[in-house]
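final.tsv (TSV, C-alpha atoms and all ligand atoms)
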chain	number	residue	atom	x	y	z
A	1	MET	CA	0.33	26.43	-13.68
A	2	ASP	CA	2.29	24.20	-11.33
A	3	SER	CA	2.99	25.80	-8.02
A	4	VAL	CA	6.68	25.97	-7.23
A	5	THR	CA	7.65	25.32	-3.64
A	6	GLU	CA	10.42	27.62	-2.49
A	7	THR	CA	12.87	25.18	-0.96
A	8	SER	CA	16.57	24.91	-1.24
A	9	ALA	CA	18.54	21.75	-1.88
A	10	PHE	CA	20.47	22.57	1.28
A	11	ASP	CA	17.59	23.05	3.72
A	12	TRP	CA	18.59	19.80	5.42
A	13	LEU	CA	21.74	21.55	6.64
A	14	ASP	CA	19.59	23.56	9.07
A	15	ASP	CA	18.41	20.34	10.73
A	16	LYS	CA	22.01	19.16	10.97
A	17	ALA	CA	23.08	22.47	12.51
A	18	ALA	CA	20.20	22.36	15.02
A	19	PHE	CA	21.18	18.82	16.00
A	20	ARG	CA	24.82	19.85	16.54
A	21	GLN	CA	23.68	22.80	18.63
A	22	ARG	CA	21.43	20.58	20.79
A	23	MET	CA	24.22	18.05	21.35
A	24	GLY	CA	26.89	20.63	22.16
A	25	LEU	CA	28.82	19.61	19.04
A	26	GLN	CA	28.83	22.90	17.13
A	27	ARG	CA	32.29	24.00	15.98
A	28	HIS	CA	33.47	27.52	15.23
A	29	LEU	CA	36.49	28.96	13.53
A	30	ARG	CA	38.43	31.32	15.76
A	31	PRO	CA	41.21	33.43	14.21
A	32	ARG	CA	44.58	32.97	15.87
A	33	GLN	CA	46.11	36.21	17.06
A	34	GLN	CA	49.68	37.03	16.14
A	35	ASN	CA	50.76	37.21	19.74
A	36	THR	CA	48.49	34.99	21.75
A	37	PRO	CA	47.50	36.53	25.08
A	38	PHE	CA	47.30	33.05	26.64
A	39	ILE	CA	49.44	29.99	27.25
A	40	ASP	CA	48.96	27.74	24.23
A	41	VAL	CA	48.76	24.04	25.03
A	42	MET	CA	46.44	23.41	22.12
A	43	GLY	CA	48.59	23.51	18.98
A	44	ASN	CA	50.99	20.94	17.57
A	45	ASP	CA	54.10	23.10	17.44
A	46	TYR	CA	55.68	20.75	19.99
A	47	LEU	CA	59.25	22.00	19.70
A	48	GLY	CA	58.33	25.65	19.20
A	49	LEU	CA	59.94	25.63	15.74
A	50	SER	CA	57.22	27.28	13.66
A	51	ARG	CA	58.67	30.70	14.53
A	52	HIS	CA	62.27	29.68	15.08
A	53	PRO	CA	64.48	32.21	13.23
A	54	ASP	CA	66.56	29.53	11.47
A	55	VAL	CA	63.44	27.68	10.37
A	56	CYS	CA	61.81	30.87	9.06
A	57	ASP	CA	65.07	31.83	7.32
A	58	THR	CA	65.38	28.55	5.44
A	59	ALA	CA	61.73	28.91	4.39
A	60	ILE	CA	62.33	32.44	3.11
A	61	ARG	CA	65.50	31.43	1.28
A	62	ALA	CA	63.59	28.58	-0.36
A	63	VAL	CA	60.88	30.98	-1.55
A	64	HIS	CA	63.45	33.37	-2.98
A	65	LYS	CA	65.15	30.55	-4.80
A	66	TRP	CA	62.20	28.40	-5.89
A	67	GLY	CA	59.14	30.67	-5.71
A	68	ALA	CA	55.94	30.61	-3.70
A	69	GLY	CA	54.56	27.39	-5.16
A	70	ALA	CA	55.94	24.11	-6.45
A	71	THR	CA	54.34	24.92	-9.86
A	72	GLY	CA	53.06	21.43	-10.51
A	73	SER	CA	52.87	17.83	-9.51
A	74	ARG	CA	56.23	16.39	-8.46
A	75	LEU	CA	56.35	14.26	-11.62
A	76	VAL	CA	55.65	17.19	-13.92
A	77	SER	CA	57.47	20.29	-12.69
A	78	GLY	CA	57.31	20.16	-8.91
A	79	THR	CA	60.53	18.35	-7.94
A	80	THR	CA	63.36	20.67	-6.89
A	81	GLU	CA	66.78	19.95	-5.42
A	82	LEU	CA	65.24	21.14	-2.18
A	83	HIS	CA	62.69	18.30	-2.21
A	84	GLN	CA	65.38	15.74	-2.97
A	85	GLU	CA	67.70	17.05	-0.32
A	86	LEU	CA	64.90	17.09	2.26
A	87	GLU	CA	63.93	13.52	1.38
A	88	GLY	CA	67.52	12.33	1.75
A	89	ALA	CA	67.85	14.08	5.12
A	90	LEU	CA	64.52	12.74	6.43
A	91	ALA	CA	65.38	9.18	5.41
A	92	GLN	CA	68.77	9.39	7.10
A	93	PHE	CA	67.32	10.89	10.29
A	94	HIS	CA	64.68	8.17	10.51
A	95	GLY	CA	67.03	5.37	9.48
A	96	ALA	CA	65.14	4.29	6.37
A	97	GLU	CA	66.45	3.71	2.87
A	98	ALA	CA	64.32	6.39	1.23
A	99	ALA	CA	61.64	9.03	1.74
A	100	LEU	CA	59.00	10.79	-0.31
A	101	VAL	CA	57.45	14.09	0.75
A	102	PHE	CA	53.77	14.88	0.25
A	103	SER	CA	51.80	18.12	0.58
A	104	SER	CA	50.48	17.03	4.00
A	105	GLY	CA	50.52	14.18	6.47
A	106	TYR	CA	46.95	13.50	5.42
A	107	THR	CA	47.89	12.98	1.76
A	108	ALA	CA	50.94	10.93	2.80
A	109	ASN	CA	48.60	8.53	4.60
A	110	LEU	CA	46.12	8.42	1.72
A	111	GLY	CA	48.96	7.75	-0.71
A	112	ALA	CA	50.74	5.08	1.32
A	113	VAL	CA	47.68	3.05	2.31
A	114	THR	CA	45.89	3.16	-1.03
A	115	ALA	CA	48.99	2.40	-3.11
A	116	LEU	CA	50.06	-0.50	-0.91
A	117	CYS	CA	46.88	-2.50	-1.12
A	118	GLY	CA	44.27	-3.62	-3.63
A	119	PRO	CA	41.20	-5.88	-3.88
A	120	ASP	CA	43.33	-8.85	-2.89
A	121	THR	CA	44.37	-7.23	0.41
A	122	LEU	CA	43.00	-7.40	3.93
A	123	VAL	CA	43.54	-4.11	5.79
A	124	ILE	CA	43.49	-4.29	9.58
A	125	ALA	CA	43.14	-0.90	11.26
A	126	ASP	CA	43.19	0.13	14.93
A	127	ARG	CA	39.89	1.59	16.17
A	128	HIS	CA	41.69	4.72	17.41
A	129	ASN	CA	43.42	5.50	14.11
A	130	HIS	CA	43.49	9.08	12.87
A	131	ALA	CA	40.81	10.18	10.37
A	132	SER	CA	43.38	10.28	7.55
A	133	LEU	CA	44.08	6.55	8.02
A	134	VAL	CA	40.37	5.80	8.29
A	135	ASP	CA	39.71	7.72	5.06
A	136	ALA	CA	42.66	6.01	3.39
A	137	ALA	CA	41.26	2.58	4.21
A	138	ARG	CA	37.83	3.64	2.91
A	139	LEU	CA	39.40	4.67	-0.41
A	140	THR	CA	40.86	1.24	-1.05
A	141	ALA	CA	39.17	-1.67	-2.75
A	142	ALA	CA	40.48	-3.89	0.06
A	143	GLU	CA	38.54	-5.73	2.75
A	144	VAL	CA	38.84	-3.60	5.89
A	145	LYS	CA	38.64	-4.94	9.45
A	146	ILE	CA	38.67	-2.57	12.40
A	147	VAL	CA	40.20	-4.04	15.55
A	148	ASN	CA	39.97	-2.82	19.13
A	149	HIS	CA	42.56	-0.37	20.30
A	150	ASN	CA	46.01	-1.96	20.65
A	151	ALA	CA	44.42	-5.44	20.66
A	152	ILE	CA	47.36	-7.53	19.42
A	153	ASP	CA	45.50	-10.82	19.97
A	154	GLU	CA	42.72	-9.60	17.75
A	155	VAL	CA	45.20	-8.62	15.01
A	156	HIS	CA	46.71	-12.10	15.31
A	157	ASN	CA	43.31	-13.72	15.08
A	158	VAL	CA	42.17	-11.71	12.06
A	159	LEU	CA	45.46	-12.40	10.25
A	160	ALA	CA	45.16	-16.11	11.05
A	161	HIS	CA	41.77	-16.19	9.29
A	162	ASN	CA	42.71	-14.00	6.33
A	163	THR	CA	41.38	-15.32	3.03
A	164	ARG	CA	42.98	-12.61	0.87
A	165	THR	CA	46.43	-12.98	-0.64
A	166	ARG	CA	47.96	-10.01	1.15
A	167	ALA	CA	47.48	-8.21	4.45
A	168	LEU	CA	48.33	-4.73	5.70
A	169	VAL	CA	48.11	-3.63	9.32
A	170	VAL	CA	47.71	0.11	9.89
A	171	THR	CA	48.31	1.88	13.18
A	172	GLU	CA	49.50	5.11	14.72
A	173	SER	CA	52.68	4.94	16.81
A	174	ILE	CA	51.38	7.49	19.32
A	175	PHE	CA	47.65	7.96	19.11
A	176	SER	CA	46.57	11.49	18.33
A	177	VAL	CA	43.58	11.60	20.65
A	178	ASP	CA	44.81	9.84	23.81
A	179	GLY	CA	48.57	10.27	23.35
A	180	ASP	CA	49.24	6.62	24.27
A	181	ALA	CA	51.65	4.37	22.35
A	182	ALA	CA	51.00	1.31	20.20
A	183	PRO	CA	52.97	-1.82	21.15
A	184	LEU	CA	54.95	-1.58	17.90
A	185	ARG	CA	57.48	-4.36	18.45
A	186	GLU	CA	54.81	-6.89	19.42
A	187	LEU	CA	52.65	-5.78	16.53
A	188	HIS	CA	55.58	-6.22	14.15
A	189	ASP	CA	56.24	-9.72	15.55
A	190	VAL	CA	52.66	-10.63	14.63
A	191	THR	CA	52.69	-9.04	11.15
A	192	ARG	CA	56.02	-10.71	10.38
A	193	GLN	CA	54.68	-14.08	11.50
A	194	PHE	CA	51.93	-13.81	8.86
A	195	GLY	CA	53.97	-12.08	6.16
A	196	ALA	CA	51.81	-8.97	6.45
A	197	ALA	CA	52.95	-5.40	5.88
A	198	LEU	CA	52.82	-2.80	8.65
A	199	ILE	CA	52.16	0.91	8.09
A	200	ILE	CA	52.88	3.07	11.12
A	201	ASP	CA	51.86	6.71	11.29
A	202	ASP	CA	54.54	8.34	13.47
A	203	ALA	CA	53.00	11.85	13.22
A	204	HIS	CA	53.26	12.35	16.98
A	205	GLY	CA	56.55	10.57	17.56
A	206	PHE	CA	58.75	11.97	14.78
A	207	GLY	CA	60.85	14.80	16.24
A	208	VAL	CA	59.69	14.06	19.79
A	209	VAL	CA	60.56	10.48	20.86
A	210	GLY	CA	64.02	8.97	21.27
A	211	ASP	CA	67.47	10.25	22.30
A	212	ARG	CA	67.83	11.98	18.94
A	213	ALA	CA	64.11	12.70	18.61
A	214	GLN	CA	64.10	10.33	15.64
A	215	GLY	CA	60.60	9.03	16.42
A	216	LEU	CA	58.99	5.99	17.98
A	217	VAL	CA	59.30	3.71	14.94
A	218	SER	CA	63.04	4.29	14.81
A	219	GLU	CA	63.31	4.01	18.60
A	220	CYS	CA	61.68	0.56	18.34
A	221	GLY	CA	64.27	-0.51	15.76
A	222	LEU	CA	61.72	-0.77	12.94
A	223	ALA	CA	62.81	2.09	10.68
A	224	ASN	CA	64.72	-0.19	8.36
A	225	ALA	CA	62.49	-3.26	8.54
A	226	PRO	CA	61.68	-4.29	4.96
A	227	ASP	CA	58.02	-4.94	5.77
A	228	VAL	CA	57.40	-1.64	7.61
A	229	VAL	CA	56.44	1.71	6.11
A	230	THR	CA	56.35	4.86	8.24
A	231	THR	CA	54.32	7.98	7.55
A	232	VAL	CA	54.98	11.31	9.26
A	233	THR	CA	53.81	14.89	9.21
A	234	LEU	CA	56.03	17.94	8.95
A	235	SER	CA	53.37	20.11	10.58
A	236	LYS	CA	53.78	19.13	14.22
A	237	ALA	CA	57.28	18.84	15.76
A	238	PHE	CA	58.77	20.21	12.54
A	239	GLY	CA	56.71	23.41	12.78
A	240	SER	CA	56.20	23.46	9.00
A	241	GLN	CA	53.62	21.84	6.75
A	242	GLY	CA	53.63	18.68	4.68
A	243	GLY	CA	54.08	14.96	5.17
A	244	ALA	CA	56.41	12.13	4.22
A	245	VAL	CA	56.49	8.39	3.71
A	246	LEU	CA	59.66	6.58	4.79
A	247	GLY	CA	60.59	3.07	3.79
A	248	SER	CA	62.55	0.91	1.41
A	249	GLN	CA	63.55	2.27	-2.00
A	250	ARG	CA	61.21	-0.15	-3.78
A	251	VAL	CA	58.24	1.06	-1.72
A	252	ILE	CA	59.10	4.69	-2.45
A	253	ASP	CA	59.54	3.93	-6.19
A	254	HIS	CA	56.13	2.28	-6.13
A	255	LEU	CA	54.55	5.33	-4.46
A	256	ILE	CA	56.09	7.69	-7.04
A	257	ASN	CA	54.31	5.61	-9.66
A	258	GLY	CA	51.13	4.66	-7.86
A	259	ALA	CA	50.17	6.94	-4.96
A	260	ARG	CA	47.35	9.10	-6.35
A	261	SER	CA	47.68	11.76	-3.64
A	262	PHE	CA	51.29	12.19	-4.82
A	263	LEU	CA	50.71	11.91	-8.56
A	264	TYR	CA	47.74	14.24	-8.79
A	265	ASP	CA	48.70	16.80	-6.17
A	266	THR	CA	50.99	19.84	-6.49
A	267	GLY	CA	54.36	19.20	-4.88
A	268	LEU	CA	55.16	20.36	-1.36
A	269	ALA	CA	55.52	24.18	-1.40
A	270	PRO	CA	59.17	25.33	-1.37
A	271	ALA	CA	58.60	27.38	1.81
A	272	ALA	CA	57.33	24.28	3.63
A	273	ALA	CA	60.17	22.12	2.31
A	274	GLY	CA	62.72	24.76	3.32
A	275	ALA	CA	61.19	25.17	6.78
A	276	ALA	CA	61.20	21.40	7.31
A	277	ARG	CA	64.86	21.23	6.28
A	278	GLY	CA	65.72	24.03	8.72
A	279	ALA	CA	63.66	22.35	11.45
A	280	LEU	CA	65.49	19.07	10.98
A	281	GLN	CA	68.78	20.87	11.55
A	282	VAL	CA	67.50	22.36	14.82
A	283	ILE	CA	66.02	19.02	15.94
A	284	THR	CA	69.29	17.18	15.40
A	285	SER	CA	71.50	19.85	16.97
A	286	GLU	CA	69.21	20.50	19.96
A	287	PRO	CA	67.77	17.17	21.16
A	288	GLN	CA	67.09	18.80	24.54
A	289	ARG	CA	64.01	20.42	23.00
A	290	ALA	CA	62.33	17.04	22.50
A	291	ALA	CA	63.47	15.91	25.95
A	292	ARG	CA	61.77	18.94	27.51
A	293	VAL	CA	58.51	18.18	25.67
A	294	ARG	CA	58.51	14.64	27.04
A	295	ALA	CA	59.31	15.84	30.57
A	296	ILE	CA	56.51	18.43	30.53
A	297	ALA	CA	53.99	15.90	29.19
A	298	ASN	CA	54.90	13.53	32.01
A	299	THR	CA	54.59	16.30	34.60
A	300	PHE	CA	51.15	17.22	33.27
A	301	ALA	CA	49.96	13.61	33.37
A	302	GLN	CA	51.33	12.96	36.85
A	303	ARG	CA	49.86	16.12	38.39
A	304	PHE	CA	46.43	15.58	36.80
A	305	ARG	CA	46.38	11.99	37.95
A	306	ASP	CA	47.32	13.09	41.47
A	307	ALA	CA	44.29	15.38	41.29
A	308	GLY	CA	42.10	12.33	40.54
A	309	MET	CA	41.67	12.81	36.79
A	310	GLN	CA	41.66	10.07	34.19
A	311	VAL	CA	44.76	10.50	32.02
A	312	HIS	CA	46.62	8.10	29.71
A	313	GLN	CA	50.38	7.73	30.08
A	314	PRO	CA	51.73	10.12	27.44
A	315	ALA	CA	54.20	8.56	25.00
A	316	GLY	CA	55.03	11.92	23.43
A	317	ALA	CA	53.63	15.43	23.69
A	318	VAL	CA	49.89	14.70	23.82
A	319	VAL	CA	48.09	14.54	27.17
A	320	SER	CA	44.42	13.72	27.14
A	321	ILE	CA	42.04	14.13	30.09
A	322	THR	CA	38.60	12.52	30.09
A	323	ALA	CA	35.67	14.96	30.43
A	324	PRO	CA	32.24	13.96	31.80
A	325	SER	CA	30.31	14.96	28.63
A	326	PRO	CA	30.72	16.89	25.35
A	327	SER	CA	29.14	20.02	26.82
A	328	ALA	CA	31.24	19.75	30.00
A	329	ALA	CA	34.36	19.46	27.82
A	330	VAL	CA	33.39	22.61	25.90
A	331	GLU	CA	32.68	24.53	29.11
A	332	TRP	CA	35.90	23.29	30.69
A	333	ALA	CA	37.96	24.39	27.70
A	334	SER	CA	36.27	27.78	27.62
A	335	SER	CA	36.82	28.29	31.40
A	336	CYS	CA	40.51	27.48	30.84
A	337	ARG	CA	40.67	30.03	28.04
A	338	ALA	CA	39.02	32.66	30.25
A	339	GLU	CA	41.85	31.98	32.71
A	340	GLY	CA	44.49	32.42	30.01
A	341	VAL	CA	45.13	28.79	29.04
A	342	ALA	CA	44.15	27.58	25.55
A	343	VAL	CA	43.51	23.82	25.50
A	344	GLY	CA	42.10	21.53	22.83
A	345	CYS	CA	38.63	20.10	23.27
A	346	PHE	CA	37.87	16.82	21.49
A	347	ARG	CA	34.29	15.65	21.13
A	348	PRO	CA	32.40	13.30	18.83
A	349	PRO	CA	32.83	12.87	15.91
A	350	SER	CA	36.56	13.63	16.36
A	351	VAL	CA	37.01	10.97	19.03
A	352	PRO	CA	37.09	7.28	18.19
A	353	ASP	CA	35.17	6.12	21.27
A	354	ARG	CA	32.63	8.93	21.80
A	355	ILE	CA	34.41	9.98	24.99
A	356	SER	CA	34.99	13.73	25.12
A	357	ARG	CA	38.31	15.02	26.34
A	358	LEU	CA	40.52	17.98	26.95
A	359	ARG	CA	43.66	17.53	24.93
A	360	LEU	CA	46.84	19.30	25.93
A	361	THR	CA	50.10	19.38	24.08
A	362	ALA	CA	53.41	19.88	25.84
A	363	ARG	CA	55.68	22.40	24.14
A	364	ALA	CA	59.42	22.81	24.54
A	365	ASP	CA	59.13	26.57	24.86
A	366	LEU	CA	56.79	26.56	27.87
A	367	THR	CA	58.47	27.97	30.98
A	368	ASP	CA	58.19	26.25	34.37
A	369	VAL	CA	55.84	29.06	35.42
A	370	ASP	CA	53.65	28.35	32.36
A	371	VAL	CA	53.56	24.65	33.21
A	372	ASP	CA	52.46	25.33	36.79
A	373	ARG	CA	49.83	27.79	35.63
A	374	VAL	CA	48.39	25.30	33.12
A	375	ILE	CA	48.11	22.66	35.84
A	376	GLU	CA	46.53	25.09	38.30
A	377	VAL	CA	43.93	26.30	35.80
A	378	ILE	CA	42.96	22.83	34.54
A	379	ILE	CA	42.46	21.61	38.09
A	380	GLN	CA	40.60	24.72	39.29
A	381	THR	CA	38.16	24.74	36.39
A	382	ARG	CA	37.44	21.01	36.23
A	383	PRO	CA	33.76	20.07	35.93
A	384	PHE	CA	32.25	17.31	37.99
A	385	ALA	CA	30.27	14.54	36.34
A	386	GLU	CA	26.67	15.67	36.15
A	387	GLU	CA	25.42	14.10	32.91
A	388	ASP	CA	26.39	11.09	30.88
A	389	GLU	CA	27.42	11.10	27.27
B	1	LIG	C1	48.19	10.80	13.53
B	1	LIG	C2	48.05	11.85	12.48
B	1	LIG	N1	48.27	11.52	11.22
B	1	LIG	C3	48.15	12.42	10.22
B	1	LIG	C4	47.78	13.72	10.49
B	1	LIG	C5	47.63	14.67	9.36
B	1	LIG	O1	48.78	15.44	9.21
B	1	LIG	P1	48.72	16.83	8.45
B	1	LIG	O2	48.11	17.81	9.40
B	1	LIG	O3	50.12	17.12	8.10
B	1	LIG	O4	47.85	16.64	7.26
B	1	LIG	C6	47.55	14.11	11.79
B	1	LIG	C7	47.18	15.51	12.08
B	1	LIG	O5	46.47	15.86	12.95
B	1	LIG	C8	47.68	13.16	12.83
B	1	LIG	O6	47.45	13.48	14.10
For this file, produce the structure as structure tokens.
Amino acid sequence: MDSVTETSAFDWLDDKAAFRQRMGLQRHLRPRQQNTPFIDVMGNDYLGLSRHPDVCDTAIRAVHKWGAGATGSRLVSGTTELHQELEGALAQFHGAEAALVFSSGYTANLGAVTALCGPDTLVIADRHNHASLVDAARLTAAEVKIVNHNAIDEVHNVLAHNTRTRALVVTESIFSVDGDAAPLRELHDVTRQFGAALIIDDAHGFGVVGDRAQGLVSECGLANAPDVVTTVTLSKAFGSQGGAVLGSQRVIDHLINGARSFLYDTGLAPAAAGAARGALQVITSEPQRAARVRAIANTFAQRFRDAGMQVHQPAGAVVSITAPSPSAAVEWASSCRAEGVAVGCFRPPSVPDRISRLRLTARADLTDVDVDRVIEVIIQTRPFAEEDE
């Protein structure tokens, strides 16, 4: 009789786990408490709207009216008046002709990028792009070229040598890891020169940047440009969940017919759509919330720089501080938490350049005392470079 070796098809996972442990890359899920006993500069609730009474009320009213789920794909049974009203309001706020909401910012990016290119397209993507844009590019049949971060000359050069019939440049407006801005107007000058399309993910600008908090794309005067498509999330400044694509009516019509993450996904849940609608009302009536976020982010950056840390100029709410190594970043974040300040810790593979960081997010509802305490704790607990990455 043949001897049967007792192995499992998943034994290799143990080696992977051991490797992560050795490299200080192990991740753990930590339940969020209802009332956090620390100052939270880790989440993406930039304007403090996720628990705003008006936002929660519109979500609850939407559930009572439309139910807990959307009941189906938007094309089958999932489109309600609520979705249409939200799309109209988002488009108007941004300054675009039309909008289409998705179940997340991630699926909005997958849908926009994959539906707007094909085998005849060259996709040019910034090296620091968010994972959802990276995955979107991987899902296409297009030729994909990754360019260095914010390297306009490189974009120009790649477009100048394009052998495909169409080209699509994909960038974030404010980069999720470092919080710095893309030079959107210059980038648009280049894409326009070559007749290329430009997709801009304004996840971190929408609701935060501009006098009316209308986002960086709108602030740069590109919201209505016929060759620009903007994607956003409703899960950061809007305090809800979901995503949207904003652009011309013909682009939106095309996505309704061709974006697979729209077609084959259940529509945005009524609660999320309702919350986003309520959030938009608060954002437009209280622009001082976004202004406070920007002011706090600038204070953080200035004070950390004064203390000799390496910090990018924040274009929105995100402030990122370079750490000496992945393990130093983890220890730094856990020392902050022990002192009552919860910060994000970004390490490979979540960082585009293998440089580990602490990542802080400014929030409108932080008090001045909170802000001072965050600065004090980050500076007091900072590690000094002892090992290289
Ligand atoms: C730049 C960017 N795009 C897209 C997303 C995905 O958005 P969502 O969380 O709504 O799926 C994120 C979220 O972290 C992001 O930072």
For range 57-63 of chain A, find every residue with an atom within 10 Å (counting all atoms listed in the file), except residues of its own chain fewer than 4 positions away, and show them as a list in words.
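The contact residues come out as Arg51, His52, Pro53, Gly67, Ala68, Gly69, Ala70, Leu82, Ser240, Ala269, Pro270, Ala271, Ala272, Ala273, Gly274, Ala275, Ala276, Arg277, Gly278 and Ala279 of chain A.
Among the candidates A:Ala342, A:Leu47, A:Ile124, A:Ala91, the one nearest to Val293 in chain A when counting all atoms listed in the file is A:Leu47.
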Build an axis-aligned box that encloses every atom of range 92-109 of chain A listed in the file, pad it by 6 Å on each side, and report its centre and edge lengths in Å to one decimal, as AutoDock Vina command-line options.
--center_x 57.9 --center_y 10.9 --center_z 5.1 --size_x 33.8 --size_y 26.4 --size_z 22.8
With 10 Å as the cut-off and only C-alpha atoms and all ligand atoms counted, what is the closest atom pair between each nearby residue of chain A and ligand LIG 1 (chain B)? Distances in Å to one decimal, ordered by chain and number, as JSON lines.
{"residue": "A:Gly43", "atom": "CA", "partner": "B:LIG1", "partner_atom": "O5", "distance": 10.0}
{"residue": "A:Asn44", "atom": "CA", "partner": "B:LIG1", "partner_atom": "O5", "distance": 8.2}
{"residue": "A:Phe102", "atom": "CA", "partner": "B:LIG1", "partner_atom": "O3", "distance": 8.9}
{"residue": "A:Ser103", "atom": "CA", "partner": "B:LIG1", "partner_atom": "O3", "distance": 7.8}
{"residue": "A:Ser104", "atom": "CA", "partner": "B:LIG1", "partner_atom": "O3", "distance": 4.1}
{"residue": "A:Gly105", "atom": "CA", "partner": "B:LIG1", "partner_atom": "O3", "distance": 3.4}
{"residue": "A:Tyr106", "atom": "CA", "partner": "B:LIG1", "partner_atom": "O4", "distance": 3.7}
{"residue": "A:Thr107", "atom": "CA", "partner": "B:LIG1", "partner_atom": "O4", "distance": 6.6}
{"residue": "A:Ala108", "atom": "CA", "partner": "B:LIG1", "partner_atom": "O4", "distance": 7.9}
{"residue": "A:Asn109", "atom": "CA", "partner": "B:LIG1", "partner_atom": "C3", "distance": 6.8}
{"residue": "A:Leu110", "atom": "CA", "partner": "B:LIG1", "partner_atom": "C3", "distance": 9.6}
{"residue": "A:His128", "atom": "CA", "partner": "B:LIG1", "partner_atom": "C1", "distance": 9.7}
{"residue": "A:Asn129", "atom": "CA", "partner": "B:LIG1", "partner_atom": "C1", "distance": 7.2}
{"residue": "A:His130", "atom": "CA", "partner": "B:LIG1", "partner_atom": "C1", "distance": 5.0}
{"residue": "A:Ala131", "atom": "CA", "partner": "B:LIG1", "partner_atom": "N1", "distance": 7.6}
{"residue": "A:Ser132", "atom": "CA", "partner": "B:LIG1", "partner_atom": "C3", "distance": 5.9}
{"residue": "A:Leu133", "atom": "CA", "partner": "B:LIG1", "partner_atom": "N1", "distance": 7.2}
{"residue": "A:Thr171", "atom": "CA", "partner": "B:LIG1", "partner_atom": "C1", "distance": 8.9}
{"residue": "A:Glu172", "atom": "CA", "partner": "B:LIG1", "partner_atom": "C1", "distance": 6.0}
{"residue": "A:Ser173", "atom": "CA", "partner": "B:LIG1", "partner_atom": "C1", "distance": 8.1}
{"residue": "A:Ile174", "atom": "CA", "partner": "B:LIG1", "partner_atom": "C1", "distance": 7.4}
{"residue": "A:Phe175", "atom": "CA", "partner": "B:LIG1", "partner_atom": "C1", "distance": 6.3}
{"residue": "A:Ser176", "atom": "CA", "partner": "B:LIG1", "partner_atom": "O6", "distance": 4.8}
{"residue": "A:Val177", "atom": "CA", "partner": "B:LIG1", "partner_atom": "O6", "distance": 7.8}
{"residue": "A:Gly179", "atom": "CA", "partner": "B:LIG1", "partner_atom": "C1", "distance": 9.8}
{"residue": "A:Ile200", "atom": "CA", "partner": "B:LIG1", "partner_atom": "C1", "distance": 9.4}
{"residue": "A:Asp201", "atom": "CA", "partner": "B:LIG1", "partner_atom": "C1", "distance": 5.9}
{"residue": "A:Asp202", "atom": "CA", "partner": "B:LIG1", "partner_atom": "C1", "distance": 6.8}
{"residue": "A:Ala203", "atom": "CA", "partner": "B:LIG1", "partner_atom": "C1", "distance": 4.9}
{"residue": "A:His204", "atom": "CA", "partner": "B:LIG1", "partner_atom": "C1", "distance": 6.3}
{"residue": "A:Gly205", "atom": "CA", "partner": "B:LIG1", "partner_atom": "C1", "distance": 9.3}
{"residue": "A:Thr231", "atom": "CA", "partner": "B:LIG1", "partner_atom": "N1", "distance": 7.9}
{"residue": "A:Val232", "atom": "CA", "partner": "B:LIG1", "partner_atom": "C3", "distance": 7.0}
{"residue": "A:Thr233", "atom": "CA", "partner": "B:LIG1", "partner_atom": "O3", "distance": 4.5}
{"residue": "A:Leu234", "atom": "CA", "partner": "B:LIG1", "partner_atom": "O3", "distance": 6.0}
{"residue": "A:Ser235", "atom": "CA", "partner": "B:LIG1", "partner_atom": "O3", "distance": 5.1}
{"residue": "A:Lys236", "atom": "CA", "partner": "B:LIG1", "partner_atom": "O3", "distance": 7.4}
{"residue": "A:Ser240", "atom": "CA", "partner": "B:LIG1", "partner_atom": "O3", "distance": 8.8}
{"residue": "A:Gln241", "atom": "CA", "partner": "B:LIG1", "partner_atom": "O3", "distance": 6.0}
{"residue": "A:Gly242", "atom": "CA", "partner": "B:LIG1", "partner_atom": "O3", "distance": 5.1}
{"residue": "A:Gly243", "atom": "CA", "partner": "B:LIG1", "partner_atom": "O3", "distance": 5.4}
{"residue": "A:Ala244", "atom": "CA", "partner": "B:LIG1", "partner_atom": "O3", "distance": 8.9}
Shell around Ile252 in chain A at 7 Å using all atoms listed in the file, local window under 5 positions removed, as an mmCIF file with C-alpha atoms, in the frame of the given file:
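As a result, selection-v7.cif now contains:
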data_model
loop_
_atom_site.group_PDB
_atom_site.id
_atom_site.type_symbol
_atom_site.label_atom_id
_atom_site.label_comp_id
_atom_site.auth_asym_id
_atom_site.auth_seq_id
_atom_site.Cartn_x
_atom_site.Cartn_y
_atom_site.Cartn_z
ATOM 1 C CA ALA A 98 64.320 6.390 1.230
ATOM 2 C CA ALA A 99 61.640 9.030 1.740
ATOM 3 C CA LEU A 100 59.000 10.790 -0.310
ATOM 4 C CA GLY A 247 60.590 3.070 3.790
#
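Ranking A:Glu85, A:Asp40, A:Asp135, A:Asp353 by their shortest atom-to-atom distance to Asp178 in chain A, with only C-alpha atoms included, puts A:Asp353 first.
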Quick check, in Å to one decimal: how far apart do CA of His254 in chain A and CA of His94 in chain A lie?
19.6 Å
Of the candidates A:Thr361, A:Ser335, A:Thr71, A:Asn257, which shows the shortest atom-to-atom distance to Ile378 in chain A, using only C-alpha atoms?
A:Ser335
Could you list as a PyMOL selection string every residue that has an atom within 8 Å of (42.2, 22.5, 23.0), using the file's coordinates and counting all atoms listed in the file?
chain A and resi 41-43+333+342-346+358-360
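From CA of Val228 in chain A back to CA of Glu154 in chain A, the distance works out to 19.5 Å.
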